[in-house]
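Visitor: Shown below is the structure under consideration.
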Amino acid sequence: MTVIQNRKSILMFKKVILSLFLISFYILTGFAQEDFDYENPQEYEIAGIQTKGIRYLDNTALIHVTGLSVGQKVMIPGDDITYAIKKLWEQKMFSDVKIYSVKTEGNKIWLEISLEERPRLSEVKYYGIRNSDQEELNDKLDLVKGRQITQNTLVLSENIIKQYYADKGFSKTKVRIFKKQDTTYQNAVILNIYIDKFKKTRIENLTIDGNTVFKMWRLKWFKIKDTKERRWYGLFKPSKYIESKYEDDKKKLIAAYNKDGYRDAKIVVDSVYDANDRNLNIYIKVDEGKQYFFRDIKWIGNSIYSTALLNKKLQIQKGDIYNQEKLTDRMTVDADAVGNLYMDNGYLFFNIRAVEKKIENDSVDIELRMYEGPKARINKITIKGNDRTNDNVIRRELYTVPGELFSKSDIIRSVRELATLGHFDPEQIVPTPIPNPSNGTVDLEYSLVERGNDRVEISGGWGAGMLVGRLGLSFNNFSIQNIFEKKAWRPLPTGDGQKLSLNAQTNGSAYQYYSVSFQEPWLGGKKPNSLSVSFYYNIQTNKTYYNLHPENLQTAKVAGISVGFGRRLKWPDNYFTLYHALGYQHYKLDDWVYRSYIRDITNGNYNNITISTTFGRNSVDNPLYSRRGSEFSLGLELTPPYSLFGKKDYSNLTDQEKYRWIEYHKWTFKARWFTQIWGDLVFHTKTEFGYLGYYNKKIGYSPLGGYRVGGSGMAYYTYGVDIVGLRGYKDGELTPADGANIYTKYTMELRYPVINSESATIFALAFAEAGNAWHDTKTFNPFVMKRSAGVGVRIFLPMLGQLGFDWGYGFDPQPGEVGPHGSEFHFTMGQQF
């Protein structure tokens with residue numbers, strides 16, 4: 001066997017010229033074999049090609065890479081073999097490449113490509129770090145079994161590990177990687193990675209020199225947000241040096257000066273140096289420059305709107321501090337910016353640019369140069385990402401309509417409506433305008449990411465002193481019209497946006513509750529008029545007590561049905577809704593005093609027909625984690641005034657006769673607001689008021705329809721009353737002994753998201769609440785409140801809905817107590833108004 005070409009590994013050489021020199025050297029050395037005359041190259045026809053030494057790679061593909069093929073005529077020695085070797089080395093998969101001449105017959109030659117594959121990874125072992133870090137590093141490094149290990153792989157892995165720990169504040173991490181031959185596999189290595197994080201790198205001192213504008217503590221606390229000095233009170237923002245965040249903080253520092261009019265501010269010196277063997281010092285020197293102010297603002301190119309109107313929209317006056325960020329926000333960013341005046345009226349091609357026309361002393365003259373452009377109409381709307389939800393369910397929620405003028409506000413509103421549906425991840429709804437300047441139109445593309453919106457709930461809870469099991473099924477994208485289509489059951493017919501809920505609760509024979517509800521949000525499919533139908537059945541007994549005393553069986557059976565019709569209004573604006581409902585409940589009681597929250601009635605059959613109307617407005621941006629917007633509702637629930645229809649004397653009737661047909665009127669007001677304070681930190685306020693009134697003084701307050709106040713707001717073993725939560729107190733324990741017919745409640749919360757993704761939404765909160773309940777208007781005193789405060793967390797999982805965990809401290813006594821009530825833990829399920 002005669003060697004034609006031979007090269008040793010050249011990866012250690014980085015210079016291209018040197019590499020080419022070595023290639024040429026080895027090629028010439030190979031040609032120096034006695035079988036070939038290098039002064040007189042001879043042409044051969046390749047009769048066969050085979051490979052040797054390959055275990056993991058495809059032989060055919062490798063031969064193809066060389067450019068050699070059977071039947072090809074080559075000169076030996078010559079460029080074809082040189083090129084083949086070069087191409088194999090370029091794959092960076094081999095530690096040795098050789099091409100042999102197996103045999104020759106006349107002008108035919110048989111070749112063998114001998115390759116030595118680089119070692120492959122069999123295992124990675126970490127030393128010096130936790131298992132959780134190992135799992136995260138495995139994801140980042142992508143060191144999977146069977147991967148070829150090169151020098152570049154080792155260098156890249158070391159850099160990734162160092163950066164991983166630098167981002168955690170361990171800027172002095174050392175990494176050593178060793179290869180060890182794995183004797184259990186052929187040509188395999190084990191990577192032993194030794195990591196020494198040392199301790200976190202803290203910042204001993206942060207010195208800012210040259211500052212005269214801001215107080216030093218303001219700079220360090222509010223302008224430099226992530227690079228903090230080491231302090232004993234740094235619990236929520238601990239000191240650690242992260243280079244990338246330090247670079248961002250330097251930009252924020254200059255931005256703070258710019259925002260205050262110091263447009264020339266700059267950092268002239270910054271230095272990061274060792275304070276000791278563990279920590280660092282940082283020195284920054286700034287040149288503040290002088291403060292500038294707006295002087296003359298001139299509009300160029302406006303013909304549609306007057307200069308006076310544009311100046312009013314801009315909200316910047318002569319003499320205001322020169323703030324480029326504010327100028328940009330007022331031009332295009334803010335909800336009421338100048339740009340939106342145009343964008344909301346079809347001027348998609350509108351453009352505005354601020355030019356510093358003249359700078360004199362401390363004054364800046366600005367020219368606002370704009371191109372208004374023609375109006376653009378919407379041409380085509382495309383939707384992508386909806387695998388389960390039908391197009392018509394999405395399109396009917398859009399405020400952008402083909403043929404209508406382009407409007408930025410309509411796009412924002414459309415995004416909000418799609419988020420409210422609950423079928424899509426609100427954080428990943430992306431509308432993209434695609435302008436067509438040639439014909440003055442624009443196409444709109446809505447990119448969506450569907451999220452699981454159906455819920456299966458299997459849970460157990462403790463309420464009213466008993467263990468309750470619950471099974472709940474909620475299908476929030478149901479399709480009733482496809483219920484008889486066999487192909488649509490995957491596993492259920494979906495896509496039409498209808499809601500079907502099935503629920504069951506029980507603890508055995510003592511308590512059972514069943515309900516089913518259905519909602520069609522677009523009755524008829526042409527207008528946003530909703531139809532809702534629900535039915536429930538509840539049976540309770542004192543079965544546990546009855547087992548000991550069979551003669552004292554007590555039962556309560558309640559059945560109810562309701563039909564509702566809702567519609568969206570266009571006045572006062574299109575955020576308003578109106579909802580009407582007709583309901584009927586039947587109560588059958590047999591000596592029922594066990595766990596009863598209903599006054600006066602314990603035996604007999606009672607009926608309740610209700611007519612209710614709710615007038616509301618909802619502009620909340622995101623139903624899962626709301627950042628801005630408000631919601632309020634004003635509700636009135638009425639029963640027919642039976643006692644006013646005849647001349648019956650109700651003062652001498654039994655309870656069975658008096659309350660056979662329940663009568664009352666109930667008024668409810670609820671409102672809440674969301675305000676984005678900073679970033680994703682949200683301030684949430686809420687107020688509630690409820691009043692149950694009567695028609696006839698001789699009958700008085702109805703035994704049904706009142707309120708039960710206190711605790712988590714979850715209902716167990718209750719019927720005939722509205723449950724009102726007030727954290728920090730026991731469930732229902734703020735209710736007066738003779739019943740609550742009036743209540744008020746006030747809530748303030750600070751919310752901040754921990755996780756906000758497609759798979760889960762988790763946010764923490766701190767709250768303060770106050771509220772109380774009264775029997776009647778005579779005892780009502782809005783200044784006597786039961787106060788509480790605490791913290792909590794909300795966890796939303798697509799399959800389970802929202803779960804809440806709260807700890808509250810009641811500052812006031814419950815009825816019958818002396819002194820503050822103290823601590824209470826609460827668990828809630830589902831979203832509450």
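Here's how to read the names in the structure tokens: chain A, B, ... by the order shown, residue numbers from 1 in each chain, ligand numbers from 1 in the order shown.
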Quick one: residues within 7 Å of region 491-506 of chain A, only C-alpha atoms, excluding same-chain residues fewer than 5 positions away - as a tab-separated table (two decimals) with all heavy atoms, in the first residue's frame?
Guide:
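The resulting file, result.tsv, is reproduced below:
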chain	number	residue	atom	x	y	z
A	388	ARG	N	-56.43	26.01	17.07
A	388	ARG	CA	-57.69	25.44	17.57
A	388	ARG	C	-58.87	26.40	17.42
A	388	ARG	O	-59.99	25.96	17.20
A	388	ARG	CB	-57.53	25.05	19.04
A	388	ARG	CG	-56.53	23.95	19.29
A	388	ARG	CD	-56.52	23.50	20.74
A	388	ARG	NE	-56.08	24.56	21.64
A	388	ARG	CZ	-54.81	24.78	21.94
A	388	ARG	NH1	-53.86	24.03	21.41
A	388	ARG	NH2	-54.47	25.75	22.78
A	389	THR	N	-58.60	27.68	17.54
A	389	THR	CA	-59.68	28.67	17.51
A	389	THR	C	-59.99	29.05	16.06
A	389	THR	O	-59.09	29.38	15.29
A	389	THR	CB	-59.28	29.92	18.29
A	389	THR	OG1	-58.90	29.54	19.61
A	389	THR	CG2	-60.44	30.90	18.38
A	390	ASN	N	-61.27	29.02	15.71
A	390	ASN	CA	-61.68	29.35	14.35
A	390	ASN	C	-61.43	30.82	14.03
A	390	ASN	O	-61.53	31.69	14.91
A	390	ASN	CB	-63.16	29.02	14.15
A	390	ASN	CG	-63.45	27.53	14.28
A	390	ASN	OD1	-62.60	26.70	13.97
A	390	ASN	ND2	-64.62	27.20	14.79
A	393	VAL	N	-64.05	33.48	15.07
A	393	VAL	CA	-64.08	33.84	16.49
A	393	VAL	C	-63.10	34.98	16.76
A	393	VAL	O	-63.35	35.87	17.59
A	393	VAL	CB	-63.74	32.61	17.37
A	393	VAL	CG1	-63.60	33.00	18.84
A	393	VAL	CG2	-64.80	31.54	17.20
A	468	VAL	N	-64.30	18.91	51.76
A	468	VAL	CA	-65.12	18.94	50.55
A	468	VAL	C	-64.26	18.55	49.36
A	468	VAL	O	-63.18	19.10	49.16
A	468	VAL	CB	-65.72	20.34	50.31
A	468	VAL	CG1	-66.59	20.33	49.06
A	468	VAL	CG2	-66.52	20.79	51.52
A	469	GLY	N	-64.74	17.61	48.56
A	469	GLY	CA	-64.08	17.25	47.31
A	469	GLY	C	-64.76	17.93	46.14
A	469	GLY	O	-65.99	18.13	46.13
A	470	ARG	N	-63.97	18.29	45.14
A	470	ARG	CA	-64.54	19.03	44.02
A	470	ARG	C	-63.98	18.51	42.70
A	470	ARG	O	-62.80	18.25	42.57
A	470	ARG	CB	-64.22	20.52	44.15
A	470	ARG	CG	-64.73	21.35	42.98
A	470	ARG	CD	-64.48	22.82	43.18
A	470	ARG	NE	-64.96	23.60	42.05
A	470	ARG	CZ	-64.93	24.92	41.98
A	470	ARG	NH1	-64.42	25.61	42.98
A	470	ARG	NH2	-65.36	25.55	40.91
A	471	LEU	N	-64.88	18.38	41.72
A	471	LEU	CA	-64.50	18.06	40.35
A	471	LEU	C	-65.13	19.12	39.45
A	471	LEU	O	-66.35	19.31	39.46
A	471	LEU	CB	-64.99	16.67	39.95
A	471	LEU	CG	-64.83	16.31	38.47
A	471	LEU	CD1	-63.35	16.27	38.07
A	471	LEU	CD2	-65.50	14.98	38.15
A	472	GLY	N	-64.29	19.81	38.71
A	472	GLY	CA	-64.78	20.86	37.84
A	472	GLY	C	-64.19	20.73	36.44
A	472	GLY	O	-63.00	20.49	36.28
A	473	LEU	N	-65.03	20.87	35.44
A	473	LEU	CA	-64.61	20.85	34.04
A	473	LEU	C	-65.08	22.14	33.39
A	473	LEU	O	-66.29	22.43	33.39
A	473	LEU	CB	-65.19	19.65	33.31
A	473	LEU	CG	-64.88	18.25	33.88
A	473	LEU	CD1	-65.64	17.18	33.12
A	473	LEU	CD2	-63.39	17.97	33.82
A	474	SER	N	-64.15	22.90	32.84
A	474	SER	CA	-64.50	24.15	32.16
A	474	SER	C	-63.91	24.11	30.75
A	474	SER	O	-62.69	24.02	30.59
A	474	SER	CB	-63.94	25.36	32.92
A	474	SER	OG	-64.53	25.45	34.20
A	475	PHE	N	-64.79	24.17	29.77
A	475	PHE	CA	-64.36	24.18	28.36
A	475	PHE	C	-64.68	25.57	27.82
A	475	PHE	O	-65.83	25.90	27.54
A	475	PHE	CB	-65.08	23.08	27.59
A	475	PHE	CG	-64.97	21.73	28.24
A	475	PHE	CD1	-66.06	21.14	28.87
A	475	PHE	CD2	-63.76	21.04	28.25
A	475	PHE	CE1	-65.96	19.90	29.47
A	475	PHE	CE2	-63.65	19.80	28.85
A	475	PHE	CZ	-64.75	19.22	29.47
A	476	ASN	N	-63.65	26.38	27.68
A	476	ASN	CA	-63.85	27.78	27.37
A	476	ASN	C	-63.72	28.12	25.89
A	476	ASN	O	-63.77	29.30	25.53
A	476	ASN	CB	-62.85	28.63	28.17
A	476	ASN	CG	-63.09	28.52	29.66
A	476	ASN	OD1	-64.21	28.70	30.12
A	476	ASN	ND2	-62.06	28.19	30.42
A	477	ASN	N	-63.53	27.09	25.06
A	477	ASN	CA	-63.49	27.32	23.62
A	477	ASN	C	-64.30	26.22	22.94
A	477	ASN	O	-63.86	25.60	21.97
A	477	ASN	CB	-62.03	27.32	23.13
A	477	ASN	CG	-61.88	27.91	21.75
A	477	ASN	OD1	-62.82	28.42	21.15
A	477	ASN	ND2	-60.67	27.83	21.21
A	478	PHE	N	-65.48	26.02	23.47
A	478	PHE	CA	-66.32	24.89	23.06
A	478	PHE	C	-67.02	25.21	21.73
A	478	PHE	O	-67.16	26.37	21.33
A	478	PHE	CB	-67.36	24.62	24.16
A	478	PHE	CG	-68.07	23.31	24.02
A	478	PHE	CD1	-67.39	22.12	24.19
A	478	PHE	CD2	-69.42	23.26	23.73
A	478	PHE	CE1	-68.05	20.90	24.07
A	478	PHE	CE2	-70.09	22.06	23.62
A	478	PHE	CZ	-69.41	20.87	23.79
A	479	SER	N	-67.46	24.15	21.06
A	479	SER	CA	-68.22	24.29	19.80
A	479	SER	C	-69.41	23.36	19.84
A	479	SER	O	-69.29	22.17	19.56
A	479	SER	CB	-67.33	23.98	18.59
A	479	SER	OG	-68.08	24.04	17.39
A	482	ASN	N	-70.64	21.51	16.57
A	482	ASN	CA	-69.90	20.35	16.09
A	482	ASN	C	-70.00	19.15	17.03
A	482	ASN	O	-69.22	18.21	16.93
A	482	ASN	CB	-68.42	20.70	15.90
A	482	ASN	CG	-68.20	21.68	14.77
A	482	ASN	OD1	-68.89	21.61	13.74
A	482	ASN	ND2	-67.28	22.60	14.95
A	483	ILE	N	-70.97	19.21	17.93
A	483	ILE	CA	-71.04	18.17	18.95
A	483	ILE	C	-71.40	16.80	18.35
A	483	ILE	O	-71.07	15.76	18.90
A	483	ILE	CB	-72.07	18.57	20.04
A	483	ILE	CG1	-71.84	17.74	21.30
A	483	ILE	CG2	-73.49	18.46	19.54
A	483	ILE	CD1	-72.59	18.26	22.50
A	511	TYR	N	-73.36	16.52	51.96
A	511	TYR	CA	-73.35	17.71	51.11
A	511	TYR	C	-73.09	17.30	49.68
A	511	TYR	O	-72.13	16.57	49.38
A	511	TYR	CB	-72.28	18.68	51.57
A	511	TYR	CG	-72.05	19.83	50.61
A	511	TYR	CD1	-72.97	20.88	50.52
A	511	TYR	CD2	-70.92	19.87	49.80
A	511	TYR	CE1	-72.76	21.93	49.65
A	511	TYR	CE2	-70.70	20.92	48.92
A	511	TYR	CZ	-71.63	21.95	48.85
A	511	TYR	OH	-71.42	22.99	47.98
A	512	GLN	N	-73.94	17.76	48.76
A	512	GLN	CA	-73.74	17.54	47.34
A	512	GLN	C	-74.18	18.78	46.58
A	512	GLN	O	-75.22	19.37	46.88
A	512	GLN	CB	-74.54	16.32	46.85
A	512	GLN	CG	-74.14	15.01	47.51
A	512	GLN	CD	-75.03	13.87	47.07
A	512	GLN	OE1	-75.33	13.73	45.89
A	512	GLN	NE2	-75.46	13.06	48.04
A	513	TYR	N	-73.36	19.13	45.59
A	513	TYR	CA	-73.67	20.32	44.78
A	513	TYR	C	-73.31	20.00	43.33
A	513	TYR	O	-72.21	19.52	43.05
A	513	TYR	CB	-72.88	21.53	45.26
A	513	TYR	CG	-73.05	22.75	44.37
A	513	TYR	CD1	-74.11	23.61	44.55
A	513	TYR	CD2	-72.13	23.02	43.36
A	513	TYR	CE1	-74.28	24.73	43.74
A	513	TYR	CE2	-72.28	24.13	42.55
A	513	TYR	CZ	-73.35	24.97	42.74
A	513	TYR	OH	-73.51	26.08	41.93
A	514	TYR	N	-74.24	20.29	42.41
A	514	TYR	CA	-74.01	20.03	41.00
A	514	TYR	C	-74.44	21.27	40.21
A	514	TYR	O	-75.47	21.91	40.53
A	514	TYR	CB	-74.81	18.82	40.51
A	514	TYR	CG	-74.61	17.59	41.36
A	514	TYR	CD1	-75.51	17.27	42.38
A	514	TYR	CD2	-73.52	16.75	41.15
A	514	TYR	CE1	-75.34	16.14	43.16
A	514	TYR	CE2	-73.33	15.62	41.94
A	514	TYR	CZ	-74.25	15.32	42.94
A	514	TYR	OH	-74.05	14.22	43.72
A	515	SER	N	-73.69	21.59	39.17
A	515	SER	CA	-74.07	22.74	38.34
A	515	SER	C	-73.58	22.52	36.93
A	515	SER	O	-72.58	21.84	36.68
A	515	SER	CB	-73.47	24.04	38.90
A	515	SER	OG	-72.07	24.08	38.71
A	516	VAL	N	-74.30	23.11	35.99
A	516	VAL	CA	-73.91	23.10	34.59
A	516	VAL	C	-74.28	24.48	34.01
A	516	VAL	O	-75.34	25.03	34.34
A	516	VAL	CB	-74.60	21.96	33.80
A	516	VAL	CG1	-76.11	22.05	33.91
A	516	VAL	CG2	-74.16	21.98	32.35
A	517	SER	N	-73.41	25.03	33.20
A	517	SER	CA	-73.69	26.33	32.60
A	517	SER	C	-73.14	26.36	31.18
A	517	SER	O	-72.17	25.67	30.84
A	517	SER	CB	-73.08	27.46	33.42
A	517	SER	OG	-71.66	27.39	33.42
A	518	PHE	N	-73.77	27.18	30.36
A	518	PHE	CA	-73.35	27.33	28.96
A	518	PHE	C	-73.49	28.79	28.57
A	518	PHE	O	-74.47	29.45	28.95
A	518	PHE	CB	-74.21	26.45	28.04
A	518	PHE	CG	-73.93	26.66	26.58
A	518	PHE	CD1	-72.82	26.06	25.98
A	518	PHE	CD2	-74.74	27.47	25.80
A	518	PHE	CE1	-72.55	26.26	24.63
A	518	PHE	CE2	-74.48	27.66	24.46
A	518	PHE	CZ	-73.38	27.05	23.87
A	519	GLN	N	-72.51	29.27	27.80
A	519	GLN	CA	-72.57	30.66	27.33
A	519	GLN	C	-72.18	30.73	25.87
A	519	GLN	O	-71.17	30.17	25.45
A	519	GLN	CB	-71.63	31.57	28.13
A	519	GLN	CG	-71.72	33.03	27.70
A	519	GLN	CD	-70.68	33.90	28.36
A	519	GLN	OE1	-69.51	33.58	28.35
A	519	GLN	NE2	-71.12	35.01	28.95
A	520	GLU	N	-73.02	31.40	25.09
A	520	GLU	CA	-72.72	31.72	23.71
A	520	GLU	C	-72.43	33.23	23.65
A	520	GLU	O	-73.33	34.04	23.82
A	520	GLU	CB	-73.90	31.37	22.80
A	520	GLU	CG	-73.84	31.95	21.40
A	520	GLU	CD	-72.58	31.56	20.63
A	520	GLU	OE1	-72.50	30.41	20.19
A	520	GLU	OE2	-71.69	32.42	20.50
A	521	PRO	N	-71.15	33.62	23.43
A	521	PRO	CA	-70.82	35.05	23.49
A	521	PRO	C	-71.31	35.86	22.30
A	521	PRO	O	-71.45	37.08	22.41
A	521	PRO	CB	-69.28	35.04	23.55
A	521	PRO	CG	-68.88	33.75	22.92
A	521	PRO	CD	-69.98	32.78	23.22
Visitor: Report as a list in words all protein, DNA and RNA residues lying within 10 Å of Ile300 (chain A), evaluated on only C-alpha atoms, omitting residues in the same chain fewer than 2 positions from it.
Guide: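 Near neighbours after the sequence-gap exclusion: Ile297, Lys298, Asn302, Ser303, Thr307, Ile352, Arg353, Glu367, Leu368, Arg369, Met370 and Tyr371 of chain A.
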Visitor: Leaving out Arg787 (chain A) and any residue of its chain fewer than 6 positions from it, which residues lie within 8 Å of it when counting only C-alpha atoms, given as a PDB file with C-alpha atoms, in the first residue's frame?
Guide:
ATOM      1  CA  ALA A 768     -54.542  46.390  52.905  1.00  0.00           C
ATOM      2  CA  GLU A 769     -58.297  45.955  53.301  1.00  0.00           C
ATOM      3  CA  ALA A 770     -61.117  47.434  55.266  1.00  0.00           C
ATOM      4  CA  GLY A 771     -64.799  46.611  55.362  1.00  0.00           C
ATOM      5  CA  GLY A 810     -56.864  41.470  61.333  1.00  0.00           C
ATOM      6  CA  PHE A 811     -56.289  44.645  63.341  1.00  0.00           C
ATOM      7  CA  ASP A 812     -59.791  44.738  64.805  1.00  0.00           C
TER       8      ASP A 812
END
Visitor: When you draw a straight line from CA of Asp264 (chain A) to CA of Gly679 (chain A), how long is it in Å?
Guide: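 Between these atoms lies a distance of 27.3 Å.
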Visitor: Any idea what's packed within 6 Å of region 421-438 of chain A, counting only C-alpha atoms, ignoring anything in its chain fewer than 6 positions away? Could you give it as a compact mmCIF listing (two decimals) with N, CA and C atoms, in the first residue's frame?
Guide:
# COMPACT_ATOMS: atom_id res chain seq x y z
N LEU A 444 -52.72 43.89 7.55
CA LEU A 444 -52.48 43.67 8.97
C LEU A 444 -52.33 42.18 9.22
N GLU A 445 -51.31 41.84 9.98
CA GLU A 445 -51.10 40.44 10.37
C GLU A 445 -51.11 40.35 11.90
N TYR A 446 -52.00 39.51 12.42
CA TYR A 446 -52.05 39.26 13.86
C TYR A 446 -51.40 37.91 14.14
N SER A 447 -50.29 37.95 14.86
CA SER A 447 -49.58 36.73 15.23
C SER A 447 -49.99 36.34 16.64
N LEU A 448 -50.48 35.11 16.80
CA LEU A 448 -51.03 34.65 18.08
C LEU A 448 -50.32 33.38 18.52
N VAL A 449 -50.32 33.19 19.83
CA VAL A 449 -49.83 31.94 20.42
C VAL A 449 -50.94 31.40 21.31
N GLU A 450 -51.54 30.29 20.91
CA GLU A 450 -52.67 29.75 21.67
C GLU A 450 -52.18 29.14 22.98
N ARG A 451 -52.98 29.27 23.99
CA ARG A 451 -52.68 28.67 25.28
C ARG A 451 -53.88 27.83 25.71
N ASN A 453 -56.88 26.79 27.48
CA ASN A 453 -57.86 27.58 28.21
C ASN A 453 -58.91 26.71 28.89
N GLU A 758 -46.51 31.85 28.86
CA GLU A 758 -47.62 31.10 28.31
C GLU A 758 -48.05 29.96 29.22
Visitor: Near Leu797 (chain A), within 7 Å and counting only C-alpha atoms, which residues show up once chain neighbours fewer than 4 positions away are dropped, as a list of chain:residue names?
Guide: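 Skipping anything fewer than 4 positions along the chain leaves A:Ser759, A:Ala760, A:Thr761, A:Gly801, A:Gln802.
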Visitor: Deliver the residues from the most recent selection as a file, using C-alpha atoms, as a PDB file, in the first residue's frame.
Guide:
ATOM      1  CA  SER A 759     -47.387  28.154  30.707  1.00  0.00           C
ATOM      2  CA  ALA A 760     -47.977  30.030  33.972  1.00  0.00           C
ATOM      3  CA  THR A 761     -48.647  33.437  35.476  1.00  0.00           C
ATOM      4  CA  GLY A 801     -57.211  28.316  36.634  1.00  0.00           C
ATOM      5  CA  GLN A 802     -56.147  30.771  39.302  1.00  0.00           C
TER       6      GLN A 802
END
Visitor: What residues in region 570-674 of chain A get the DSSP label helix (DSSP H, G or I)? Please answer as a list in words.
Guide: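 DSSP-assigned helix (DSSP H, G or I) residues in region 570-674 of chain A: Tyr642, Ser643, Leu644, Tyr650, Ser651, Asn652, Asp655, Gln656, Glu657 and Lys658 of chain A.
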Visitor: What lies within 12 Å of Leu704 (chain A) using only C-alpha atoms, ignoring chain neighbours under 4 positions off, as a VMD selection string?
Guide: chain A and resid 585 to 587 596 to 601 606 to 610 639 659 to 666 692 to 694 700 708 718 to 722 739 to 741
Visitor: Any idea what the distance is between CA of Ala256 (chain A) and CA of Lys223 (chain A)?
Guide: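 CA of Lys223 (chain A) lies at a distance of 6.5 Å from CA of Ala256 (chain A).
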Visitor: Neighbouring residues of Gly440 (chain A) were defined as those with any atom within 10 Å, considering only C-alpha atoms; residues of the same chain fewer than 4 positions away were excluded. Please report them as a VMD selection string.
Guide: chain A and resid 347 to 349 373 to 379 435 to 436
Visitor: Give the strand (DSSP E) residues of region 139-301 of chain A, as assigned by DSSP on the backbone, as a PyMOL selection string.
Guide: chain A and resi 174-181+188-196+203-209+266-274+280-287+293-300
Visitor: Which distance in Å separates CA of Lys92 (chain A) and CA of Asn152 (chain A), to one decimal?
Guide: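 Here the two named atoms are 10.0 Å from each other.
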Visitor: Given the choices A:Glu117, A:Trp89, A:Glu485, A:Thr744, which gets closest to Ile54 (chain A) if the distance is worked out from only C-alpha atoms?
Guide: A:Glu117
